[in-house]
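Colleague: Have a look at this one.
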Number of protein chains: 2
Amino acid sequence: MPSEVPAEAPSRGPGRDIPEATVARLPVYLRALTALEERGIGTCSSEDLAAATGVNSAKLRKDLSYLGSYGTRGVGYDVDYLRYQIAREIGVTQDWPVIIVGIGNLGHALANYSGFRSRGFRVVALLDAAPERHREQVAGLPVRPFDELEDIVDQQQVAIGVIATPAVAAQDVADRMVASGITSILNFAPTVLSVPDGVDVRKVDLSIELQILAYHEQRKGAPEEGGQRPSRRAGTAAGVTA
Amino acid sequence: MPSEVPAEAPSRGPGRDIPEATVARLPVYLRALTALEERGIGTCSSEDLAAATGVNSAKLRKDLSYLGSYGTRGVGYDVDYLRYQIAREIGVTQDWPVIIVGIGNLGHALANYSGFRSRGFRVVALLDAAPERHREQVAGLPVRPFDELEDIVDQQQVAIGVIATPAVAAQDVADRMVASGITSILNFAPTVLSVPDGVDVRKVDLSIELQILAYHEQRKGAPEEGGQRPSRRAGTAAGVTA
DNA sequence: AGGAGTTTGTGAACTGGAGAACAAACTGAG
DNA sequence: CTCAGTTTGTTCTCCAGTTCACAAACTCCT
């Protein structure tokens, strides 16, 4: 019997129970607003924002309405004000300390990714189990032994961890992360992690994204011969069925 | 939403109109089946696969039913057979040639990512606009000038391109890709790409994933109050909510 | 001041997908 | 052969999310 979260009052006001689909789009709006602000644009309509983010304008307005009424009818939204409100709702008005475990190719790239720092995150430590990596300095940070995980999480008050290890190590790393107090994990390893309730996991899988593209690509090539689209798959995907 | 799909005949049987949500899960099943096969397991039930992939077993059976009836009632699924059928449906029984544009930190990591080759993709070329990178050799491939894009796409019959450039360059790269015949794009740059109908784009955005985690993390820390501070740690991780 | 023109915020219909439940189809024992 | 046990494929119900459509609220012009 999986005990569900007790139903809270569906308070109409700003701040409670934002749909998951909306939460996933808020960062997109945030980025678009930042871009508008950098271009010196002070006000924008929902149509403008919708065009910039590729979202239906009605959906966008409904998304924003979950945060509150921050627009002005007949005018639109104040870019700076709305940007701040979204940042506050997401929780990125201050930086979150983040650690990265697994400093291979991908870990390297993540450690050097400047988008983290500018968008509410600060990489405070890099960890790797392999001793030969502990001499390296990546993105201005030393690569530290994995055993120091607990200390780092404790001292730096880390709540979010990134796993960029090979698949076999990922579950162990996740377990140690959870045990040390981390409650949100971004997993780049191609494994399904099992974690206790109360811990959030998001997974980014590069080859899955490509495979989804491949599925649609295959469909493009096959169904109709009369299409103007040149079938890009002449020699590779012939009929396979026996 | 400009992507209107022409109404096709809702032909029954395996092969047509698989729901998008199902398509996104097929690669997960594929990977789990490969893992089972490597462990020498010849047959599995929907419950087994569901446990391995973290998916509800009824949902899994429904997903598989879109492909056809590949299971045996009272027995389960033949691992090897089902694995092949899914691979065929996705279109990864042969390798798709892929190019990567933008060989910075992330491009480096992607070029070296072994998961592509083993899962239906073959990186055939790396491109970058910066001349100083053209001397490098990454993952056994030379970094070639971006101007060679058209030739490479044409000669190697490339249908899928990966963009790992900075945000400002991404739209230009996408335009050139589309002009040269690429019809599927995996975009790592933090920009909304606009492409003509018939071209698929999938976006992977690292900081958006982190921001979604941050939102939930913030909620955990201050369930009652609006005070937002990255100071977490409510005790040990197991069983956070009572 | 008043009316025309904009744009937001939201109630209501519509859509797609998730989960429960069950009949059909298979295996194996007696 | 029959019956009990197992597991698939499918139907039905329900819910979250999307989209439409419009009243409310604001600005600007005359």
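Ligands are numbered from 1 in the order shown, residues from 1 within each chain, and chains are lettered A, B, ... in the order they appear in the structure tokens.
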Taking the DSSP secondary structure from the backbone, can you list the residues of range 32-232 of chain A that are strand (DSSP E or B), as a PyMOL selection string?
Modeller: chain A and resi 43-44+71-72+76-78+96-101+121-128+137-138+141-145+160-163+184-187+200-203
Colleague: Show me, as a compact mmCIF listing (two decimals) with N, CA, C and O atoms (P, O5', C5', C4', C3', O3' and C1' of nucleotides), in the first residue's frame, the residues of chain D whose atoms get within 9 Å of chain A, using only C-alpha atoms (C1' of nucleotides) for the distance check.
Modeller:
```
# COMPACT_ATOMS: atom_id res chain seq x y z
P DA D 16 -5.01 13.98 -11.51
O5' DA D 16 -3.81 14.52 -12.42
C5' DA D 16 -2.89 13.58 -12.94
C4' DA D 16 -2.40 14.05 -14.29
C3' DA D 16 -2.03 15.53 -14.34
O3' DA D 16 -0.81 15.64 -15.05
C1' DA D 16 -3.65 15.04 -16.02
P DG D 17 -0.07 17.04 -15.14
O5' DG D 17 -0.30 17.47 -16.65
C5' DG D 17 -0.14 16.50 -17.67
C4' DG D 17 -0.76 17.01 -18.95
C3' DG D 17 -0.47 18.48 -19.25
O3' DG D 17 -0.05 18.58 -20.58
C1' DG D 17 -2.77 18.05 -19.42
P DT D 18 0.60 19.95 -21.11
O5' DT D 18 -0.25 20.24 -22.42
C5' DT D 18 -0.66 19.16 -23.25
C4' DT D 18 -1.86 19.56 -24.06
C3' DT D 18 -1.79 20.95 -24.69
O3' DT D 18 -1.98 20.82 -26.09
C1' DT D 18 -3.88 20.60 -23.62
P DT D 19 -1.67 22.02 -27.07
O5' DT D 19 -3.11 22.61 -27.38
C5' DT D 19 -4.14 21.74 -27.82
C4' DT D 19 -5.47 22.44 -27.77
C3' DT D 19 -5.45 23.90 -28.25
O3' DT D 19 -6.30 24.02 -29.38
C1' DT D 19 -6.67 23.67 -26.23
P DC D 20 -6.57 25.41 -30.07
O5' DC D 20 -8.04 25.77 -29.56
C5' DC D 20 -9.03 24.74 -29.50
C4' DC D 20 -10.32 25.28 -28.89
C3' DC D 20 -10.72 26.66 -29.40
O3' DC D 20 -12.12 26.65 -29.63
C1' DC D 20 -10.57 26.66 -27.03
P DA D 24 -17.42 39.72 -16.93
O5' DA D 24 -15.91 40.06 -16.56
C5' DA D 24 -15.15 39.13 -15.82
C4' DA D 24 -13.75 39.67 -15.58
C3' DA D 24 -13.70 41.12 -15.11
O3' DA D 24 -12.68 41.25 -14.12
C1' DA D 24 -12.49 40.91 -17.14
P DA D 25 -12.43 42.62 -13.39
O5' DA D 25 -11.18 43.23 -14.17
C5' DA D 25 -9.97 42.49 -14.21
C4' DA D 25 -8.95 43.22 -15.04
C3' DA D 25 -8.83 44.73 -14.74
O3' DA D 25 -7.46 45.07 -14.68
C1' DA D 25 -9.18 44.38 -17.03
P DC D 26 -7.04 46.36 -13.81
O5' DC D 26 -6.32 47.29 -14.90
C5' DC D 26 -5.11 46.84 -15.46
C4' DC D 26 -5.02 47.23 -16.92
C3' DC D 26 -4.94 48.72 -17.19
O3' DC D 26 -3.60 49.16 -17.24
C1' DC D 26 -6.14 47.49 -18.88
P DT D 27 -3.34 50.73 -17.54
O5' DT D 27 -3.37 50.83 -19.14
C5' DT D 27 -2.51 49.99 -19.91
C4' DT D 27 -2.52 50.45 -21.36
C3' DT D 27 -2.26 51.94 -21.58
O3' DT D 27 -1.42 52.11 -22.70
C1' DT D 27 -4.37 51.34 -22.49
```
Colleague: Counting only C-alpha atoms (C1' of nucleotides), which residues of chain C come no farther than 10 Å from chain B, as an mmCIF file with N, CA, C and O atoms (P, O5', C5', C4', C3', O3' and C1' of nucleotides), in the first residue's frame?
Modeller:
```
data_model
loop_
_atom_site.group_PDB
_atom_site.id
_atom_site.type_symbol
_atom_site.label_atom_id
_atom_site.label_comp_id
_atom_site.auth_asym_id
_atom_site.auth_seq_id
_atom_site.Cartn_x
_atom_site.Cartn_y
_atom_site.Cartn_z
ATOM 1 P P DG C 16 -5.554 12.420 -29.303
ATOM 2 O "O5'" DG C 16 -4.538 11.961 -28.180
ATOM 3 C "C5'" DG C 16 -3.616 12.896 -27.666
ATOM 4 C "C4'" DG C 16 -2.977 12.336 -26.424
ATOM 5 C "C3'" DG C 16 -2.547 10.877 -26.556
ATOM 6 O "O3'" DG C 16 -1.215 10.753 -26.101
ATOM 7 C "C1'" DG C 16 -3.996 11.142 -24.687
ATOM 8 P P DG C 17 -0.429 9.374 -26.175
ATOM 9 O "O5'" DG C 17 -0.360 8.957 -24.646
ATOM 10 C "C5'" DG C 17 0.052 9.930 -23.694
ATOM 11 C "C4'" DG C 17 -0.312 9.458 -22.302
ATOM 12 C "C3'" DG C 17 0.152 8.030 -21.982
ATOM 13 O "O3'" DG C 17 0.706 8.033 -20.687
ATOM 14 C "C1'" DG C 17 -2.123 8.248 -21.537
ATOM 15 P P DA C 18 1.550 6.808 -20.170
ATOM 16 O "O5'" DA C 18 0.836 6.463 -18.794
ATOM 17 C "C5'" DA C 18 0.473 7.523 -17.916
ATOM 18 C "C4'" DA C 18 -0.344 6.981 -16.762
ATOM 19 C "C3'" DA C 18 0.114 5.626 -16.253
ATOM 20 O "O3'" DA C 18 0.034 5.611 -14.839
ATOM 21 C "C1'" DA C 18 -2.122 5.485 -16.989
ATOM 22 P P DG C 19 0.707 4.432 -14.007
ATOM 23 O "O5'" DG C 19 -0.542 3.585 -13.522
ATOM 24 C "C5'" DG C 19 -1.573 4.238 -12.832
ATOM 25 C "C4'" DG C 19 -2.757 3.316 -12.676
ATOM 26 C "C3'" DG C 19 -2.404 1.870 -12.277
ATOM 27 O "O3'" DG C 19 -3.223 1.498 -11.181
ATOM 28 C "C1'" DG C 19 -3.795 1.879 -14.192
ATOM 29 P P DA C 20 -3.079 0.052 -10.497
ATOM 30 O "O5'" DA C 20 -4.536 -0.557 -10.674
ATOM 31 C "C5'" DA C 20 -5.666 0.287 -10.491
ATOM 32 C "C4'" DA C 20 -6.939 -0.437 -10.889
ATOM 33 C "C3'" DA C 20 -6.999 -1.900 -10.451
ATOM 34 O "O3'" DA C 20 -8.339 -2.220 -10.075
ATOM 35 C "C1'" DA C 20 -7.114 -1.782 -12.804
ATOM 36 P P DA C 24 -13.251 -15.192 -23.317
ATOM 37 O "O5'" DA C 24 -11.771 -15.308 -23.893
ATOM 38 C "C5'" DA C 24 -11.258 -14.272 -24.708
ATOM 39 C "C4'" DA C 24 -9.821 -14.583 -25.092
ATOM 40 C "C3'" DA C 24 -9.598 -16.009 -25.620
ATOM 41 O "O3'" DA C 24 -8.637 -15.956 -26.664
ATOM 42 C "C1'" DA C 24 -8.265 -15.673 -23.700
ATOM 43 P P DA C 25 -8.290 -17.293 -27.494
ATOM 44 O "O5'" DA C 25 -6.893 -17.734 -26.877
ATOM 45 C "C5'" DA C 25 -5.799 -16.841 -26.959
ATOM 46 C "C4'" DA C 25 -4.602 -17.438 -26.247
ATOM 47 C "C3'" DA C 25 -4.316 -18.906 -26.609
ATOM 48 O "O3'" DA C 25 -2.918 -19.060 -26.791
ATOM 49 C "C1'" DA C 25 -4.477 -18.666 -24.282
ATOM 50 P P DC C 26 -2.391 -20.250 -27.753
ATOM 51 O "O5'" DC C 26 -1.526 -21.130 -26.729
ATOM 52 C "C5'" DC C 26 -0.256 -20.668 -26.383
ATOM 53 C "C4'" DC C 26 0.040 -20.956 -24.926
ATOM 54 C "C3'" DC C 26 0.371 -22.411 -24.604
ATOM 55 O "O3'" DC C 26 1.763 -22.621 -24.751
ATOM 56 C "C1'" DC C 26 -0.834 -21.297 -22.844
ATOM 57 P P DT C 27 2.328 -24.159 -24.604
ATOM 58 O "O5'" DT C 27 2.438 -24.368 -23.031
ATOM 59 C "C5'" DT C 27 3.246 -23.496 -22.256
ATOM 60 C "C4'" DT C 27 3.325 -24.009 -20.830
ATOM 61 C "C3'" DT C 27 3.724 -25.484 -20.727
ATOM 62 O "O3'" DT C 27 4.756 -25.631 -19.776
ATOM 63 C "C1'" DT C 27 1.664 -25.098 -19.581
#
```
Colleague: Give me, as a count of residues only, the residues of chain B touching chain A, with the criterion being at most 6 Å (counting only C-alpha atoms).
Modeller: 15
Colleague: Taking 6 positions as the minimum chain separation for residues in the same chain, which residues sit within 9 Å of Leu127 in chain B when counting only C-alpha atoms (C1' of nucleotides)? Answer as a VMD selection string.
Modeller: chain B and resid 99 to 103 134 142 to 149
Colleague: Store the residues of this selection in a file with C-alpha atoms, as a compact mmCIF listing (two decimals), in the first residue's frame.
Modeller:
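Output saved as selection.txt:
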```txt
# COMPACT_ATOMS: atom_id res chain seq x y z
CA ILE B 99 27.64 13.57 -37.12
CA ILE B 100 28.50 15.80 -34.20
CA VAL B 101 28.93 19.54 -34.69
CA GLY B 102 30.74 21.51 -32.02
CA ILE B 103 33.68 19.71 -30.49
CA HIS B 134 41.11 21.01 -36.89
CA PRO B 142 39.68 14.07 -37.21
CA VAL B 143 37.87 17.31 -36.41
CA ARG B 144 36.86 18.67 -39.77
CA PRO B 145 35.88 22.16 -40.89
CA PHE B 146 32.20 22.94 -40.66
CA ASP B 147 32.13 23.77 -44.36
CA GLU B 148 32.51 20.13 -45.20
CA LEU B 149 29.07 19.47 -43.73
```
Colleague: I want to know what sits within 12 Å of range 36-40 of chain A, based on only C-alpha atoms (C1' of nucleotides), with residues of the same chain fewer than 4 positions away left out; could you give that as a compact mmCIF listing (two decimals) with N, CA, C and O atoms, in the first residue's frame?
Modeller:
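Produced file selection09.txt, reproduced below:
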```txt
# COMPACT_ATOMS: atom_id res chain seq x y z
N TYR A 29 10.80 29.12 -19.82
CA TYR A 29 10.35 30.51 -19.79
C TYR A 29 11.43 31.39 -19.16
O TYR A 29 11.70 32.49 -19.64
N LEU A 30 12.02 30.86 -18.10
CA LEU A 30 13.04 31.64 -17.39
C LEU A 30 14.19 32.00 -18.33
O LEU A 30 14.65 33.15 -18.37
N ARG A 31 14.62 31.04 -19.10
CA ARG A 31 15.73 31.30 -20.00
C ARG A 31 15.34 32.31 -21.08
O ARG A 31 16.11 33.22 -21.40
N ALA A 32 14.13 32.16 -21.62
CA ALA A 32 13.69 33.08 -22.66
C ALA A 32 13.58 34.50 -22.10
O ALA A 32 13.95 35.47 -22.77
N CYS A 44 6.69 42.02 -22.39
CA CYS A 44 6.37 41.10 -23.47
C CYS A 44 5.00 40.51 -23.23
O CYS A 44 4.54 40.39 -22.09
N SER A 45 4.34 40.15 -24.30
CA SER A 45 3.03 39.51 -24.19
C SER A 45 3.20 38.00 -24.13
O SER A 45 4.28 37.48 -24.39
N ASP A 48 4.45 36.77 -27.40
CA ASP A 48 5.89 36.93 -27.58
C ASP A 48 6.63 35.78 -26.92
O ASP A 48 7.49 35.12 -27.54
N LEU A 49 6.32 35.56 -25.65
CA LEU A 49 7.01 34.51 -24.91
C LEU A 49 6.75 33.15 -25.54
O LEU A 49 7.64 32.30 -25.61
N ALA A 52 8.91 32.69 -28.48
CA ALA A 52 10.32 32.50 -28.12
C ALA A 52 10.60 31.12 -27.54
O ALA A 52 11.73 30.63 -27.61
N THR A 53 9.56 30.51 -26.98
CA THR A 53 9.79 29.24 -26.32
C THR A 53 9.19 28.06 -27.06
O THR A 53 9.38 26.91 -26.68
N TYR A 77 3.49 41.17 -19.76
CA TYR A 77 4.26 40.90 -18.56
C TYR A 77 5.50 41.78 -18.53
O TYR A 77 6.16 41.99 -19.55
N ASP A 78 5.83 42.25 -17.35
CA ASP A 78 7.11 42.93 -17.15
C ASP A 78 8.20 41.86 -17.12
O ASP A 78 8.17 40.95 -16.29
N VAL A 79 9.13 41.97 -18.04
CA VAL A 79 10.12 40.90 -18.22
C VAL A 79 10.91 40.64 -16.95
O VAL A 79 11.01 39.51 -16.48
N ASP A 80 11.45 41.69 -16.36
CA ASP A 80 12.31 41.52 -15.19
C ASP A 80 11.52 40.96 -14.01
O ASP A 80 11.98 40.05 -13.32
N TYR A 81 10.34 41.50 -13.81
CA TYR A 81 9.53 41.06 -12.68
C TYR A 81 9.13 39.60 -12.83
O TYR A 81 9.28 38.80 -11.91
N LEU A 82 8.66 39.24 -14.02
CA LEU A 82 8.24 37.86 -14.24
C LEU A 82 9.43 36.92 -14.12
O LEU A 82 9.32 35.83 -13.54
N ARG A 83 10.56 37.34 -14.67
CA ARG A 83 11.76 36.51 -14.58
C ARG A 83 12.09 36.22 -13.12
O ARG A 83 12.37 35.08 -12.74
N TYR A 84 12.02 37.25 -12.29
CA TYR A 84 12.33 37.04 -10.89
C TYR A 84 11.31 36.11 -10.22
O TYR A 84 11.67 35.23 -9.44
```
Colleague: Do you have the CA of Ala130 in chain B-CA of Asn187 in chain B distance handy?
Modeller: 19.2 Å
Colleague: Could you pull out the helix (DSSP H, G or I) residues of range 43-146 of chain B, going by DSSP on the backbone, and write them as a ChimeraX atom specification?
Modeller: /B:46-53,57-67,79-90,105-112,114-118,131-133,146
Colleague: Pull N, CA and C atoms from the residues just selected and write them as a short mmCIF file (atom, residue, chain, number, x, y, z; two decimals), in the first residue's frame.
Modeller:
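The new file part22.cif reads:
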```cif
data_model
loop_
_atom_site.label_atom_id
_atom_site.label_comp_id
_atom_site.auth_asym_id
_atom_site.auth_seq_id
_atom_site.Cartn_x
_atom_site.Cartn_y
_atom_site.Cartn_z
N SER B 46 6.19 -10.03 -18.15
CA SER B 46 6.03 -8.58 -18.16
C SER B 46 6.36 -8.01 -16.78
N GLU B 47 6.11 -8.81 -15.74
CA GLU B 47 6.47 -8.35 -14.41
C GLU B 47 7.98 -8.19 -14.27
N ASP B 48 8.72 -9.16 -14.80
CA ASP B 48 10.18 -9.09 -14.73
C ASP B 48 10.68 -7.82 -15.42
N LEU B 49 10.23 -7.64 -16.64
CA LEU B 49 10.68 -6.48 -17.42
C LEU B 49 10.26 -5.18 -16.73
N ALA B 50 9.06 -5.20 -16.18
CA ALA B 50 8.56 -4.00 -15.51
C ALA B 50 9.45 -3.65 -14.33
N ALA B 51 9.84 -4.68 -13.58
CA ALA B 51 10.71 -4.43 -12.43
C ALA B 51 12.06 -3.88 -12.88
N ALA B 52 12.56 -4.41 -13.98
CA ALA B 52 13.89 -4.00 -14.46
C ALA B 52 13.88 -2.59 -15.02
N THR B 53 12.74 -2.14 -15.47
CA THR B 53 12.70 -0.84 -16.13
C THR B 53 11.98 0.23 -15.30
N SER B 57 3.60 -2.86 -15.01
CA SER B 57 3.58 -4.01 -15.90
C SER B 57 2.42 -3.95 -16.90
N ALA B 58 1.30 -3.39 -16.48
CA ALA B 58 0.18 -3.27 -17.42
C ALA B 58 0.52 -2.30 -18.54
N LYS B 59 1.17 -1.21 -18.17
CA LYS B 59 1.59 -0.24 -19.16
C LYS B 59 2.59 -0.88 -20.13
N LEU B 60 3.49 -1.66 -19.57
CA LEU B 60 4.48 -2.32 -20.40
C LEU B 60 3.81 -3.27 -21.40
N ARG B 61 2.87 -4.06 -20.94
CA ARG B 61 2.19 -4.99 -21.86
C ARG B 61 1.45 -4.23 -22.94
N LYS B 62 0.83 -3.13 -22.55
CA LYS B 62 0.13 -2.34 -23.56
C LYS B 62 1.11 -1.76 -24.57
N ASP B 63 2.23 -1.29 -24.08
CA ASP B 63 3.26 -0.78 -24.99
C ASP B 63 3.65 -1.85 -25.99
N LEU B 64 3.95 -3.03 -25.49
CA LEU B 64 4.41 -4.10 -26.38
C LEU B 64 3.32 -4.53 -27.34
N SER B 65 2.08 -4.41 -26.92
CA SER B 65 0.99 -4.85 -27.79
C SER B 65 0.88 -3.99 -29.04
N TYR B 66 1.42 -2.78 -28.98
CA TYR B 66 1.40 -1.94 -30.18
C TYR B 66 2.31 -2.51 -31.26
N LEU B 67 3.31 -3.24 -30.84
CA LEU B 67 4.24 -3.82 -31.82
C LEU B 67 3.68 -5.09 -32.43
N VAL B 79 13.30 -13.46 -24.63
CA VAL B 79 14.12 -12.25 -24.50
C VAL B 79 14.75 -11.86 -25.84
N ASP B 80 15.40 -12.81 -26.47
CA ASP B 80 16.11 -12.49 -27.70
C ASP B 80 15.14 -12.04 -28.80
N TYR B 81 14.04 -12.75 -28.91
CA TYR B 81 13.08 -12.44 -29.96
C TYR B 81 12.47 -11.06 -29.75
N LEU B 82 12.05 -10.80 -28.51
CA LEU B 82 11.44 -9.50 -28.23
C LEU B 82 12.45 -8.38 -28.42
N ARG B 83 13.68 -8.63 -27.98
CA ARG B 83 14.72 -7.62 -28.15
C ARG B 83 14.87 -7.27 -29.63
N TYR B 84 14.88 -8.29 -30.47
CA TYR B 84 15.04 -8.02 -31.89
C TYR B 84 13.84 -7.25 -32.45
N GLN B 85 12.65 -7.63 -32.03
CA GLN B 85 11.46 -6.96 -32.55
C GLN B 85 11.43 -5.48 -32.16
N ILE B 86 11.84 -5.19 -30.94
CA ILE B 86 11.86 -3.79 -30.53
C ILE B 86 12.93 -3.03 -31.31
N ALA B 87 14.10 -3.65 -31.44
CA ALA B 87 15.17 -3.01 -32.20
C ALA B 87 14.72 -2.73 -33.62
N ARG B 88 13.99 -3.66 -34.19
CA ARG B 88 13.51 -3.48 -35.55
C ARG B 88 12.49 -2.35 -35.62
N GLU B 89 11.61 -2.31 -34.63
CA GLU B 89 10.60 -1.26 -34.61
C GLU B 89 11.23 0.12 -34.46
N ILE B 90 12.20 0.22 -33.58
CA ILE B 90 12.89 1.51 -33.41
C ILE B 90 13.70 1.82 -34.66
N ASN B 105 33.87 20.83 -24.93
CA ASN B 105 33.88 19.83 -23.86
C ASN B 105 32.81 18.76 -24.07
N LEU B 106 31.61 19.24 -24.35
CA LEU B 106 30.51 18.29 -24.50
C LEU B 106 30.67 17.45 -25.77
N GLY B 107 31.04 18.09 -26.87
CA GLY B 107 31.26 17.35 -28.10
C GLY B 107 32.31 16.27 -27.93
N HIS B 108 33.36 16.60 -27.22
CA HIS B 108 34.39 15.63 -26.87
C HIS B 108 33.77 14.42 -26.18
N ALA B 109 32.99 14.71 -25.16
CA ALA B 109 32.39 13.63 -24.38
C ALA B 109 31.46 12.79 -25.25
N LEU B 110 30.68 13.43 -26.08
CA LEU B 110 29.75 12.69 -26.93
C LEU B 110 30.51 11.82 -27.93
N ALA B 111 31.58 12.38 -28.49
CA ALA B 111 32.36 11.62 -29.47
C ALA B 111 32.95 10.36 -28.85
N ASN B 112 33.28 10.46 -27.58
CA ASN B 112 33.90 9.32 -26.91
C ASN B 112 32.88 8.38 -26.26
N SER B 114 30.75 5.58 -25.68
CA SER B 114 30.70 4.28 -26.33
C SER B 114 29.27 3.78 -26.50
N GLY B 115 28.35 4.34 -25.76
CA GLY B 115 26.97 3.88 -25.83
C GLY B 115 26.33 4.08 -27.19
N PHE B 116 26.81 5.05 -27.95
CA PHE B 116 26.23 5.27 -29.27
C PHE B 116 26.48 4.06 -30.16
N ARG B 117 27.76 3.69 -30.24
CA ARG B 117 28.09 2.62 -31.19
C ARG B 117 27.37 1.33 -30.84
N SER B 118 27.26 1.05 -29.57
CA SER B 118 26.66 -0.23 -29.20
C SER B 118 25.15 -0.20 -29.28
N PRO B 131 39.19 26.92 -36.52
CA PRO B 131 40.32 26.30 -37.23
C PRO B 131 41.33 25.66 -36.27
N GLU B 132 41.47 26.21 -35.08
CA GLU B 132 42.47 25.66 -34.17
C GLU B 132 42.13 24.25 -33.69
N ARG B 133 40.90 23.86 -33.91
CA ARG B 133 40.52 22.51 -33.48
C ARG B 133 40.75 21.47 -34.58
N PHE B 146 33.65 22.99 -40.56
CA PHE B 146 32.20 22.94 -40.66
C PHE B 146 31.73 23.02 -42.11
#
```
Colleague: What's around DA4 in chain D at 12 Å? Count only C-alpha atoms (C1' of nucleotides), leave out sequence neighbours fewer than 6 positions away in its own chain, and write the answer as a list of chain:residue names.
Modeller: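 Close residues of DA4 in chain D: C:DT27, C:DG28, C:DA29, C:DG30.
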